[in-house]
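J.: Take a look at entry_10.pdb, PDB, C-alpha atoms:
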```
ATOM      1  CA  MET A 339     -18.828  -7.099   3.908  1.00  0.00           C
ATOM      2  CA  ASN A 340     -17.308  -4.816   1.281  1.00  0.00           C
ATOM      3  CA  HIS A 341     -13.901  -6.409   0.631  1.00  0.00           C
ATOM      4  CA  ASN A 342     -12.579  -3.361  -1.203  1.00  0.00           C
ATOM      5  CA  GLN A 343     -13.213  -0.949   1.669  1.00  0.00           C
ATOM      6  CA  ALA A 344     -12.295  -3.447   4.400  1.00  0.00           C
ATOM      7  CA  LEU A 345      -8.852  -3.982   2.869  1.00  0.00           C
ATOM      8  CA  TYR A 346      -8.316  -0.244   2.317  1.00  0.00           C
ATOM      9  CA  ASP A 347      -9.379   0.674   5.857  1.00  0.00           C
ATOM     10  CA  GLY A 348      -7.332  -2.128   7.428  1.00  0.00           C
ATOM     11  CA  ILE A 349      -4.132  -1.125   5.620  1.00  0.00           C
ATOM     12  CA  PHE A 350      -4.735   2.571   6.274  1.00  0.00           C
ATOM     13  CA  GLN A 351      -5.075   1.915  10.008  1.00  0.00           C
ATOM     14  CA  LYS A 352      -2.005  -0.344  10.133  1.00  0.00           C
ATOM     15  CA  CYS A 353       0.084   2.338   8.399  1.00  0.00           C
ATOM     16  CA  LEU A 354      -1.070   4.883  10.988  1.00  0.00           C
ATOM     17  CA  ASP A 355      -0.382   2.421  13.819  1.00  0.00           C
ATOM     18  CA  LEU A 356       3.170   1.997  12.494  1.00  0.00           C
ATOM     19  CA  GLY A 357       3.642   5.762  12.830  1.00  0.00           C
ATOM     20  CA  TYR A 358       3.652   6.712   9.145  1.00  0.00           C
ATOM     21  CA  ASN A 359       2.020   9.882   7.804  1.00  0.00           C
ATOM     22  CA  THR A 360      -0.697   8.235   5.720  1.00  0.00           C
ATOM     23  CA  PHE A 361      -3.173   9.837   3.336  1.00  0.00           C
ATOM     24  CA  ASP A 362      -6.019   8.719   1.091  1.00  0.00           C
ATOM     25  CA  TYR A 363      -5.252  11.673  -1.206  1.00  0.00           C
ATOM     26  CA  LEU A 364      -2.083  13.447  -2.307  1.00  0.00           C
ATOM     27  CA  PRO A 365      -1.454  15.942   0.498  1.00  0.00           C
ATOM     28  CA  PRO A 366      -0.397  19.587   0.028  1.00  0.00           C
ATOM     29  CA  THR A 367       3.149  20.239  -1.170  1.00  0.00           C
ATOM     30  CA  THR A 368       4.005  21.542   2.306  1.00  0.00           C
ATOM     31  CA  THR A 369       3.581  18.043   3.800  1.00  0.00           C
ATOM     32  CA  LYS A 370       6.759  16.643   5.341  1.00  0.00           C
ATOM     33  CA  TYR A 371       8.405  13.673   3.620  1.00  0.00           C
ATOM     34  CA  PRO A 372       8.320  10.709   3.725  1.00  0.00           C
ATOM     35  CA  PHE A 373       4.621   9.915   3.611  1.00  0.00           C
ATOM     36  CA  ILE A 374       2.318   7.157   2.384  1.00  0.00           C
ATOM     37  CA  HIS A 375      -0.508   7.637  -0.091  1.00  0.00           C
ATOM     38  CA  LEU A 376      -2.857   4.659  -0.421  1.00  0.00           C
ATOM     39  CA  GLY A 377      -3.831   4.117  -4.020  1.00  0.00           C
ATOM     40  CA  GLU A 378      -6.100   1.856  -5.972  1.00  0.00           C
ATOM     41  CA  VAL A 379      -7.721  -1.372  -4.844  1.00  0.00           C
ATOM     42  CA  THR A 380      -8.735  -4.014  -7.377  1.00  0.00           C
ATOM     43  CA  VAL A 381     -11.008  -6.856  -6.240  1.00  0.00           C
ATOM     44  CA  ILE A 382     -11.627 -10.032  -8.228  1.00  0.00           C
ATOM     45  CA  PRO A 383     -14.480 -11.899  -6.498  1.00  0.00           C
ATOM     46  CA  ILE A 384     -15.072 -15.616  -6.974  1.00  0.00           C
ATOM     47  CA  PRO A 385     -18.608 -16.579  -5.968  1.00  0.00           C
ATOM     48  CA  THR A 386     -19.234 -20.060  -4.599  1.00  0.00           C
ATOM     49  CA  LYS A 387     -22.415 -21.687  -3.324  1.00  0.00           C
ATOM     50  CA  ASN A 388     -22.060 -20.418   0.219  1.00  0.00           C
ATOM     51  CA  ILE A 389     -19.434 -17.660   0.363  1.00  0.00           C
ATOM     52  CA  TRP A 390     -17.439 -15.197  -1.690  1.00  0.00           C
ATOM     53  CA  LEU A 391     -13.787 -15.963  -2.244  1.00  0.00           C
ATOM     54  CA  GLY A 392     -11.390 -13.875  -4.253  1.00  0.00           C
ATOM     55  CA  GLU A 393      -8.327 -11.726  -4.557  1.00  0.00           C
ATOM     56  CA  ALA A 394      -7.636  -8.073  -3.929  1.00  0.00           C
ATOM     57  CA  THR A 395      -4.645  -5.985  -4.968  1.00  0.00           C
ATOM     58  CA  ILE A 396      -3.753  -2.628  -3.438  1.00  0.00           C
ATOM     59  CA  THR A 397      -1.185  -0.060  -4.554  1.00  0.00           C
ATOM     60  CA  ILE A 398       0.689   1.754  -1.796  1.00  0.00           C
ATOM     61  CA  ASN A 399       2.704   4.828  -2.779  1.00  0.00           C
ATOM     62  CA  VAL A 400       5.567   5.947  -0.559  1.00  0.00           C
ATOM     63  CA  TRP A 401       6.933   9.429  -1.288  1.00  0.00           C
ATOM     64  CA  GLY A 402      10.193  10.950  -0.130  1.00  0.00           C
ATOM     65  CA  ASP A 403      12.482  13.831  -1.024  1.00  0.00           C
ATOM     66  CA  GLY A 404      15.815  13.451  -2.812  1.00  0.00           C
ATOM     67  CA  LYS A 405      17.599  12.268   0.331  1.00  0.00           C
ATOM     68  CA  ASP A 406      14.970   9.684   1.331  1.00  0.00           C
ATOM     69  CA  ARG A 407      15.649   6.783  -1.037  1.00  0.00           C
ATOM     70  CA  LYS A 408      16.880   4.497   1.768  1.00  0.00           C
ATOM     71  CA  ALA A 409      13.957   5.544   3.982  1.00  0.00           C
ATOM     72  CA  ILE A 410      11.527   4.705   1.147  1.00  0.00           C
ATOM     73  CA  THR A 411      12.909   1.171   0.743  1.00  0.00           C
ATOM     74  CA  ASN A 412      12.948   0.658   4.530  1.00  0.00           C
ATOM     75  CA  ILE A 413       9.304   1.742   4.790  1.00  0.00           C
ATOM     76  CA  MET A 414       8.278  -0.567   1.937  1.00  0.00           C
ATOM     77  CA  ASN A 415      10.154  -3.520   3.471  1.00  0.00           C
ATOM     78  CA  ASN A 416       8.525  -2.844   6.835  1.00  0.00           C
ATOM     79  CA  LEU A 417       5.074  -2.670   5.209  1.00  0.00           C
ATOM     80  CA  ILE A 418       5.666  -6.007   3.463  1.00  0.00           C
ATOM     81  CA  LYS A 419       6.524  -7.565   6.819  1.00  0.00           C
ATOM     82  CA  GLU A 420       3.703  -5.922   8.792  1.00  0.00           C
ATOM     83  CA  LEU A 421       0.917  -6.239   6.212  1.00  0.00           C
ATOM     84  CA  ARG A 422       1.046 -10.005   5.684  1.00  0.00           C
ATOM     85  CA  GLU A 423      -2.380 -10.192   7.312  1.00  0.00           C
ATOM     86  CA  VAL A 424      -5.053  -7.498   7.344  1.00  0.00           C
ATOM     87  CA  GLU A 425      -8.384  -8.278   9.004  1.00  0.00           C
ATOM     88  CA  HIS A 426      -9.935 -11.049   6.874  1.00  0.00           C
ATOM     89  CA  PHE A 427      -7.124 -11.093   4.336  1.00  0.00           C
ATOM     90  CA  LYS A 428      -3.850 -12.974   4.039  1.00  0.00           C
ATOM     91  CA  ILE A 429      -1.149 -12.032   1.576  1.00  0.00           C
ATOM     92  CA  MET A 430      -0.443 -14.585  -1.099  1.00  0.00           C
ATOM     93  CA  PRO A 431       3.205 -15.634  -1.211  1.00  0.00           C
ATOM     94  CA  LYS A 432       5.227 -14.171  -4.092  1.00  0.00           C
ATOM     95  CA  GLU A 433       2.493 -11.725  -4.947  1.00  0.00           C
ATOM     96  CA  MET A 434       4.109  -8.447  -4.035  1.00  0.00           C
ATOM     97  CA  TYR A 435       5.912  -6.004  -6.256  1.00  0.00           C
ATOM     98  CA  THR A 436       8.095  -3.031  -5.431  1.00  0.00           C
ATOM     99  CA  ARG A 437       9.547  -0.234  -7.548  1.00  0.00           C
ATOM    100  CA  VAL A 438      11.431   2.904  -6.630  1.00  0.00           C
ATOM    101  CA  LEU A 439      11.324   5.667  -9.204  1.00  0.00           C
ATOM    102  CA  ARG A 440      12.990   9.055  -9.374  1.00  0.00           C
ATOM    103  CA  ASP A 441      10.347  11.751  -9.844  1.00  0.00           C
ATOM    104  CA  ASN A 442      11.473  14.929 -11.604  1.00  0.00           C
ATOM    105  CA  THR A 443       8.029  16.471 -12.108  1.00  0.00           C
ATOM    106  CA  THR A 444       8.613  19.126  -9.433  1.00  0.00           C
ATOM    107  CA  SER A 445      11.418  21.610  -8.861  1.00  0.00           C
ATOM    108  CA  ASN A 446      12.816  19.214  -6.223  1.00  0.00           C
ATOM    109  CA  THR A 447      13.793  15.640  -7.001  1.00  0.00           C
ATOM    110  CA  LEU A 448      11.549  13.144  -5.222  1.00  0.00           C
ATOM    111  CA  TRP A 449      11.595   9.377  -4.757  1.00  0.00           C
ATOM    112  CA  HIS A 450       8.394   7.466  -5.433  1.00  0.00           C
ATOM    113  CA  GLY A 451       8.182   3.972  -4.000  1.00  0.00           C
ATOM    114  CA  ILE A 452       5.394   1.799  -5.370  1.00  0.00           C
ATOM    115  CA  LEU A 453       4.335  -1.292  -3.461  1.00  0.00           C
ATOM    116  CA  GLU A 454       1.662  -3.603  -4.839  1.00  0.00           C
ATOM    117  CA  LEU A 455       0.320  -6.294  -2.532  1.00  0.00           C
ATOM    118  CA  LYS A 456      -2.027  -9.065  -3.585  1.00  0.00           C
ATOM    119  CA  TYR A 457      -4.307 -10.570  -0.957  1.00  0.00           C
ATOM    120  CA  LYS A 458      -6.550 -13.594  -0.950  1.00  0.00           C
ATOM    121  CA  PHE A 459      -9.775 -13.341   1.002  1.00  0.00           C
ATOM    122  CA  ILE A 460     -11.766 -16.201   2.410  1.00  0.00           C
TER     123      ILE A 460
END
```
Would you mind writing the file's structure down as structure tokens?
T.:
Amino acid sequence: MNHNQALYDGIFQKCLDLGYNTFDYLPPTTTKYPFIHLGEVTVIPIPTKNIWLGEATITINVWGDGKDRKAITNIMNNLIKELREVEHFKIMPKEMYTRVLRDNTTSNTLWHGILELKYKFI
């Protein structure tokens, strides 16, 4: 099993199941806010005699327009609650980080929520 892709696919599907517009790329500027863009996955495997153990971290980006700051934090909190387990992965307690940044790189102010979740696989 490819842990990197299994985690990515599992989270992508859960985000869709929760009703969120979810992309594996930054969508066109005409896309309605808020939306989720799944980012990078980092896997640190730990080989043992019989199986592979390890950790995986994924970055989930939540984008909203200038009026969506509360929606961004609500989405991130819901993802933390709903993504505690994904297929063969369980989230490690205290290994999640959130940030909400104001993005002024476009003509409209945006909110960029960043959620990093660390999983342990067995």
J.: Write out as a ChimeraX atom specification each polymer residue whose atoms come within 12 Å of A:Asn415, counting all atoms listed in the file; drop sequence neighbours fewer than 2 positions from it.
T.: /A:400,408-413,417-422,434-437,451-455
J.: Could you tell me how far atom CA of A:His450 sits from atom CA of A:Trp401, in Å to one decimal place?
T.: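 Taking atom CA of A:Trp401 as the start and atom CA of A:His450 as the end point, the length is 4.8 Å.
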J.: Write out as an MDAnalysis selection string each polymer residue whose atoms come within 10 Å of A:Gly404, counting all atoms listed in the file; drop sequence neighbours fewer than 3 positions from it.
T.: chainID A and resid 371 401 407 440:442 446:450
J.: Set the distance at 9 Å and use all atoms listed in the file: which residues neighbour stretch 351-353 of chain A once local chain neighbours fewer than 3 positions away are removed? I'd like the list as a PyMOL selection string.
T.: chain A and resi 346-348+356-360+374+417+420-421+424
J.: Measure the distance from atom CA of A:Ala344 to atom CA of A:Gly392 in Å and round it to one decimal.
T.: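 Result for atom CA of A:Ala344 versus atom CA of A:Gly392: 13.6 Å, one decimal.
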J.: Using Å and a single decimal, report how far atom CA of A:Glu423 sits from atom CA of A:Pro383.
T.: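 Straight-line distance from atom CA of A:Pro383 to atom CA of A:Glu423 works out to 18.4 Å.
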J.: Restricting the calculation to all atoms listed in the file, which member of A:Pro366, A:Tyr457, A:Phe361, A:Gly402 is positioned closest to A:Thr380?
T.: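 Once distances to A:Thr380 are computed over all atoms listed in the file, the minimum belongs to A:Tyr457.
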J.: Assuming the chain letters and numbering stay as they are in my file, what does the PyMOL selection byres ((chain A and resi 342) around 12) actually select? List them as number ranges by chain.
T.: A: 339-341, 343-349, 377-383, 392-396, 426-427, 457-459
J.: Report, as AutoDock Vina command-line options, the axis-aligned box around all atoms of stretch 410-414 of chain A present in the file, extended by 8 Å on each side; give centre and edge lengths in Å to one decimal place.
T.:
```
--center_x 10.6 --center_y 2.1 --center_z 2.8 --size_x 20.7 --size_y 21.3 --size_z 20.0
```
J.: Which of these residues is nearest to A:Met430, using all atoms listed in the file: A:Ile384, A:Ile460, A:Leu364, A:Ile389?
T.: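 Selected residue with least distance to A:Met430: A:Ile460.
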J.: Taking all atoms listed in the file into account, which of A:Asp355, A:Asn399, A:Phe350, A:Lys405 comes nearest A:Phe373?
T.: A:Asn399
J.: From the set A:Thr397, A:Thr369, A:Thr443, A:Asn388, which residue has the shortest atom-to-atom contact distance to A:Met414, counting all atoms listed in the file?
T.: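 Of A:Thr397, A:Thr369, A:Thr443, A:Asn388, the one nearest A:Met414 is A:Thr397, counting all atoms listed in the file.
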J.: Please complete stretch 405-416 of chain A so it has all heavy atoms, and hand it over as a PDB file, in the frame of the given file.
T.:
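What follows is the written file out_0.pdb:
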```pdb
ATOM      1  N   LYS A 405      16.693  12.930  -0.612  1.00  0.00           N
ATOM      2  CA  LYS A 405      17.599  12.268   0.331  1.00  0.00           C
ATOM      3  C   LYS A 405      16.964  11.043   0.989  1.00  0.00           C
ATOM      4  O   LYS A 405      17.589  10.406   1.831  1.00  0.00           O
ATOM      5  CB  LYS A 405      18.028  13.260   1.422  1.00  0.00           C
ATOM      6  CG  LYS A 405      18.791  14.462   0.887  1.00  0.00           C
ATOM      7  CD  LYS A 405      19.041  15.466   1.973  1.00  0.00           C
ATOM      8  CE  LYS A 405      17.772  16.267   2.091  1.00  0.00           C
ATOM      9  NZ  LYS A 405      17.776  17.387   2.947  1.00  0.00           N
ATOM     10  N   ASP A 406      15.742  10.715   0.618  1.00  0.00           N
ATOM     11  CA  ASP A 406      14.970   9.684   1.331  1.00  0.00           C
ATOM     12  C   ASP A 406      14.926   8.318   0.657  1.00  0.00           C
ATOM     13  O   ASP A 406      14.117   7.478   1.034  1.00  0.00           O
ATOM     14  CB  ASP A 406      13.524  10.153   1.529  1.00  0.00           C
ATOM     15  CG  ASP A 406      13.375  11.193   2.611  1.00  0.00           C
ATOM     16  OD1 ASP A 406      14.259  11.293   3.473  1.00  0.00           O
ATOM     17  OD2 ASP A 406      12.361  11.916   2.582  1.00  0.00           O
ATOM     18  N   ARG A 407      15.781   8.058  -0.330  1.00  0.00           N
ATOM     19  CA  ARG A 407      15.649   6.783  -1.037  1.00  0.00           C
ATOM     20  C   ARG A 407      15.760   5.587  -0.083  1.00  0.00           C
ATOM     21  O   ARG A 407      14.962   4.656  -0.148  1.00  0.00           O
ATOM     22  CB  ARG A 407      16.679   6.631  -2.151  1.00  0.00           C
ATOM     23  CG  ARG A 407      16.336   5.418  -3.026  1.00  0.00           C
ATOM     24  CD  ARG A 407      17.350   5.123  -4.088  1.00  0.00           C
ATOM     25  NE  ARG A 407      16.854   4.182  -5.065  1.00  0.00           N
ATOM     26  CZ  ARG A 407      16.592   2.894  -4.840  1.00  0.00           C
ATOM     27  NH1 ARG A 407      16.716   2.386  -3.626  1.00  0.00           N
ATOM     28  NH2 ARG A 407      16.169   2.112  -5.802  1.00  0.00           N
ATOM     29  N   LYS A 408      16.730   5.606   0.818  1.00  0.00           N
ATOM     30  CA  LYS A 408      16.880   4.497   1.768  1.00  0.00           C
ATOM     31  C   LYS A 408      15.662   4.405   2.678  1.00  0.00           C
ATOM     32  O   LYS A 408      15.171   3.311   2.965  1.00  0.00           O
ATOM     33  CB  LYS A 408      18.155   4.663   2.592  1.00  0.00           C
ATOM     34  CG  LYS A 408      18.399   3.493   3.518  1.00  0.00           C
ATOM     35  CD  LYS A 408      19.712   3.595   4.246  1.00  0.00           C
ATOM     36  CE  LYS A 408      19.894   2.367   5.121  1.00  0.00           C
ATOM     37  NZ  LYS A 408      21.151   2.386   5.841  1.00  0.00           N
ATOM     38  N   ALA A 409      15.150   5.541   3.130  1.00  0.00           N
ATOM     39  CA  ALA A 409      13.957   5.544   3.982  1.00  0.00           C
ATOM     40  C   ALA A 409      12.770   4.937   3.239  1.00  0.00           C
ATOM     41  O   ALA A 409      11.985   4.186   3.824  1.00  0.00           O
ATOM     42  CB  ALA A 409      13.636   6.955   4.449  1.00  0.00           C
ATOM     43  N   ILE A 410      12.639   5.240   1.953  1.00  0.00           N
ATOM     44  CA  ILE A 410      11.527   4.705   1.147  1.00  0.00           C
ATOM     45  C   ILE A 410      11.605   3.181   1.108  1.00  0.00           C
ATOM     46  O   ILE A 410      10.609   2.486   1.338  1.00  0.00           O
ATOM     47  CB  ILE A 410      11.570   5.274  -0.285  1.00  0.00           C
ATOM     48  CG1 ILE A 410      11.390   6.785  -0.285  1.00  0.00           C
ATOM     49  CG2 ILE A 410      10.551   4.592  -1.192  1.00  0.00           C
ATOM     50  CD1 ILE A 410      10.133   7.287   0.317  1.00  0.00           C
ATOM     51  N   THR A 411      12.794   2.631   0.814  1.00  0.00           N
ATOM     52  CA  THR A 411      12.909   1.171   0.743  1.00  0.00           C
ATOM     53  C   THR A 411      12.708   0.532   2.113  1.00  0.00           C
ATOM     54  O   THR A 411      12.106  -0.539   2.207  1.00  0.00           O
ATOM     55  CB  THR A 411      14.256   0.734   0.133  1.00  0.00           C
ATOM     56  OG1 THR A 411      15.316   1.274   0.905  1.00  0.00           O
ATOM     57  CG2 THR A 411      14.375   1.194  -1.302  1.00  0.00           C
ATOM     58  N   ASN A 412      13.169   1.190   3.182  1.00  0.00           N
ATOM     59  CA  ASN A 412      12.948   0.658   4.530  1.00  0.00           C
ATOM     60  C   ASN A 412      11.468   0.631   4.878  1.00  0.00           C
ATOM     61  O   ASN A 412      10.973  -0.335   5.469  1.00  0.00           O
ATOM     62  CB  ASN A 412      13.718   1.471   5.570  1.00  0.00           C
ATOM     63  CG  ASN A 412      15.211   1.221   5.517  1.00  0.00           C
ATOM     64  OD1 ASN A 412      15.671   0.238   4.953  1.00  0.00           O
ATOM     65  ND2 ASN A 412      15.975   2.131   6.094  1.00  0.00           N
ATOM     66  N   ILE A 413      10.745   1.691   4.526  1.00  0.00           N
ATOM     67  CA  ILE A 413       9.304   1.742   4.790  1.00  0.00           C
ATOM     68  C   ILE A 413       8.597   0.627   4.017  1.00  0.00           C
ATOM     69  O   ILE A 413       7.754  -0.098   4.566  1.00  0.00           O
ATOM     70  CB  ILE A 413       8.718   3.126   4.436  1.00  0.00           C
ATOM     71  CG1 ILE A 413       9.224   4.173   5.431  1.00  0.00           C
ATOM     72  CG2 ILE A 413       7.187   3.081   4.403  1.00  0.00           C
ATOM     73  CD1 ILE A 413       8.926   5.606   5.022  1.00  0.00           C
ATOM     74  N   MET A 414       8.935   0.471   2.736  1.00  0.00           N
ATOM     75  CA  MET A 414       8.278  -0.567   1.937  1.00  0.00           C
ATOM     76  C   MET A 414       8.579  -1.958   2.492  1.00  0.00           C
ATOM     77  O   MET A 414       7.680  -2.799   2.583  1.00  0.00           O
ATOM     78  CB  MET A 414       8.680  -0.456   0.467  1.00  0.00           C
ATOM     79  CG  MET A 414       8.071   0.760  -0.207  1.00  0.00           C
ATOM     80  SD  MET A 414       8.159   0.758  -2.015  1.00  0.00           S
ATOM     81  CE  MET A 414       9.880   0.524  -2.318  1.00  0.00           C
ATOM     82  N   ASN A 415       9.820  -2.215   2.885  1.00  0.00           N
ATOM     83  CA  ASN A 415      10.154  -3.520   3.471  1.00  0.00           C
ATOM     84  C   ASN A 415       9.400  -3.752   4.773  1.00  0.00           C
ATOM     85  O   ASN A 415       8.940  -4.865   5.044  1.00  0.00           O
ATOM     86  CB  ASN A 415      11.663  -3.632   3.689  1.00  0.00           C
ATOM     87  CG  ASN A 415      12.414  -3.825   2.392  1.00  0.00           C
ATOM     88  OD1 ASN A 415      11.862  -4.313   1.419  1.00  0.00           O
ATOM     89  ND2 ASN A 415      13.666  -3.424   2.373  1.00  0.00           N
ATOM     90  N   ASN A 416       9.274  -2.717   5.586  1.00  0.00           N
ATOM     91  CA  ASN A 416       8.525  -2.844   6.835  1.00  0.00           C
ATOM     92  C   ASN A 416       7.040  -3.107   6.554  1.00  0.00           C
ATOM     93  O   ASN A 416       6.416  -3.933   7.224  1.00  0.00           O
ATOM     94  CB  ASN A 416       8.698  -1.587   7.691  1.00  0.00           C
ATOM     95  CG  ASN A 416       8.200  -1.792   9.103  1.00  0.00           C
ATOM     96  OD1 ASN A 416       8.353  -2.850   9.690  1.00  0.00           O
ATOM     97  ND2 ASN A 416       7.595  -0.756   9.655  1.00  0.00           N
TER      98      ASN A 416
END
```
